[in-house]
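Engineer: The structure is given below, and queries will be raised subsequently.
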Amino acid sequence: MKRQLHLNLFIHSRGHHEASWRHSASSPLPLTDIRYYQDLAQRAEAAQFDSVFLADQLALGGDVAQAPRTWLEPITVLAAMAVATNRVALIATASTTYTEPFNLARQFASIDHISRGRAAWNIVTSWLATAAENYGGAGQVSHADRYARGEEFMAVVKALWDSWAADAVVDDRAAGVYALHDRIRSIKHRGDFYTVAGPLNLPRCPQGAGILCRSEIPGGGRGAGAGADADPAWPQPDDRRDRSRGAAPCA
């Protein structure tokens, strides 16, 4: 059996090298111009890349005077990339520590609908102390609590994605029935960190559940998806790719 090489484009500012933004061939577009990201996604798709990946961090870097490490919010960018491409998978980094499960489940389900089933979430817990200062300022959450919170966060998101059956929406205009109520269920989650009633206020996404990625690969090395705010200790599932229950490495 021939081995197949999978290619992922990791978009990081105007390049990963600290001086790449100064190169004469780098894009003249501002990093706030969505055309920059759409063009790269289109090039990756034309070159038969499997996916496009966006890292994230939730605080301004201390080297901003010399390095353009500011960029648009990743999930928002995925929406713009989705309408500019047709096949390439779209991966964005999002933190389990500084958002709510309902918000994130809704955002990625929306991207999955917009892209017709190409969305993926790179899971991080956000270890930067400067990020904690931007979200309440009460101090950084401990490593153990971040991961305990992250595990529960993921369970809630998966349950919300699964709260609509695939056949829940009938859209029967003649009969006046949009959805079958008995095919939509509350999740009634009550845990150590989150209380979420559900269901999600959005029909089941095309993938059923979004692809889950992590910034760590089996063996302890960091994968190609390792973002600026990635925490290098996410637990490893047995299966390297499980669209509904596990997590796929972003390598």
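Chain labels run A, B, ... following the order of the structure tokens; each chain numbers its residues from 1, and ligands are numbered from 1 in the order shown.
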Going by DSSP on the backbone, which bits of range 56-221 of chain A are strand (DSSP E or B)? Write them as a PyMOL selection string, please.

Structural biologist: chain A and resi 89-95+119-124+164+169-172+177-179+184+189-190+195-196+211-214

Engineer: Would you mind exporting the chosen residues as a PDB file, in the first residue's frame, restricted to C-alpha atoms?

Structural biologist:
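And here is the file that came out, out-v1.pdb:
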ATOM      1  CA  ALA A  89     -10.476  21.899   5.055  1.00  0.00           C
ATOM      2  CA  LEU A  90     -10.501  24.937   7.350  1.00  0.00           C
ATOM      3  CA  ILE A  91      -8.966  24.736  10.842  1.00  0.00           C
ATOM      4  CA  ALA A  92      -9.006  27.454  13.506  1.00  0.00           C
ATOM      5  CA  THR A  93      -7.597  27.528  17.026  1.00  0.00           C
ATOM      6  CA  ALA A  94      -9.975  28.305  19.888  1.00  0.00           C
ATOM      7  CA  SER A  95      -9.458  28.200  23.644  1.00  0.00           C
ATOM      8  CA  ALA A 119     -14.652  23.085   9.504  1.00  0.00           C
ATOM      9  CA  ALA A 120     -12.250  21.861  12.192  1.00  0.00           C
ATOM     10  CA  TRP A 121     -11.409  23.098  15.692  1.00  0.00           C
ATOM     11  CA  ASN A 122      -7.845  23.086  17.041  1.00  0.00           C
ATOM     12  CA  ILE A 123      -8.258  22.744  20.805  1.00  0.00           C
ATOM     13  CA  VAL A 124      -6.008  24.683  23.184  1.00  0.00           C
ATOM     14  CA  TRP A 164     -30.194  17.801  16.644  1.00  0.00           C
ATOM     15  CA  VAL A 169     -35.367  19.701   9.885  1.00  0.00           C
ATOM     16  CA  VAL A 170     -38.167  18.885   7.455  1.00  0.00           C
ATOM     17  CA  ASP A 171     -38.876  22.435   6.194  1.00  0.00           C
ATOM     18  CA  ASP A 172     -42.397  21.454   5.126  1.00  0.00           C
ATOM     19  CA  VAL A 177     -43.702  22.276   9.996  1.00  0.00           C
ATOM     20  CA  TYR A 178     -40.096  23.430  10.050  1.00  0.00           C
ATOM     21  CA  ALA A 179     -38.574  20.905  12.464  1.00  0.00           C
ATOM     22  CA  ILE A 184     -34.203  17.831  18.994  1.00  0.00           C
ATOM     23  CA  HIS A 189     -25.456  19.214  31.360  1.00  0.00           C
ATOM     24  CA  ARG A 190     -24.482  19.991  34.959  1.00  0.00           C
ATOM     25  CA  THR A 195     -24.213  24.147  33.379  1.00  0.00           C
ATOM     26  CA  VAL A 196     -25.703  24.045  29.882  1.00  0.00           C
ATOM     27  CA  ILE A 211     -13.267  17.556  13.250  1.00  0.00           C
ATOM     28  CA  LEU A 212     -11.284  18.035  16.481  1.00  0.00           C
ATOM     29  CA  CYS A 213      -7.559  18.741  16.289  1.00  0.00           C
ATOM     30  CA  ARG A 214      -4.884  19.265  18.881  1.00  0.00           C
TER      31      ARG A 214
END

Engineer: Measuring between only C-alpha atoms, which one of A:Glu100, A:Asp56, A:Glu73, A:Asp50 shows the shortest distance to Arg87 in chain A?

Structural biologist: A:Asp50

Engineer: Measure the distance from CA of Leu180 in chain A to CA of Pro203 in chain A in Å and round it to one decimal.

Structural biologist: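 CA of Pro203 in chain A lies 11.2 Å from CA of Leu180 in chain A.
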
Engineer: Nearest to Thr130 in chain A: which of A:Thr99, A:Gln57, A:Ser115, A:Gln48 is it, counting only C-alpha atoms?

Structural biologist: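 Using only C-alpha atoms, the shortest distance to Thr130 in chain A belongs to A:Gln57.
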
Engineer: Using only C-alpha atoms, which of the listed residues (A:Gln42, A:Gln4, A:Ser20, A:Thr32) sits closest to Asn86 in chain A?

Structural biologist: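 Among A:Gln42, A:Gln4, A:Ser20, A:Thr32, it is A:Gln42 that comes nearest to Asn86 in chain A.
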
Engineer: Using only C-alpha atoms, pick whichever of A:Leu54, A:Leu29, A:Ile34, A:Ala159 has the shortest atom-to-atom distance to Phe10 in chain A.

Structural biologist: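 When distances to Phe10 in chain A are compared using only C-alpha atoms, the smallest one comes from A:Leu54.
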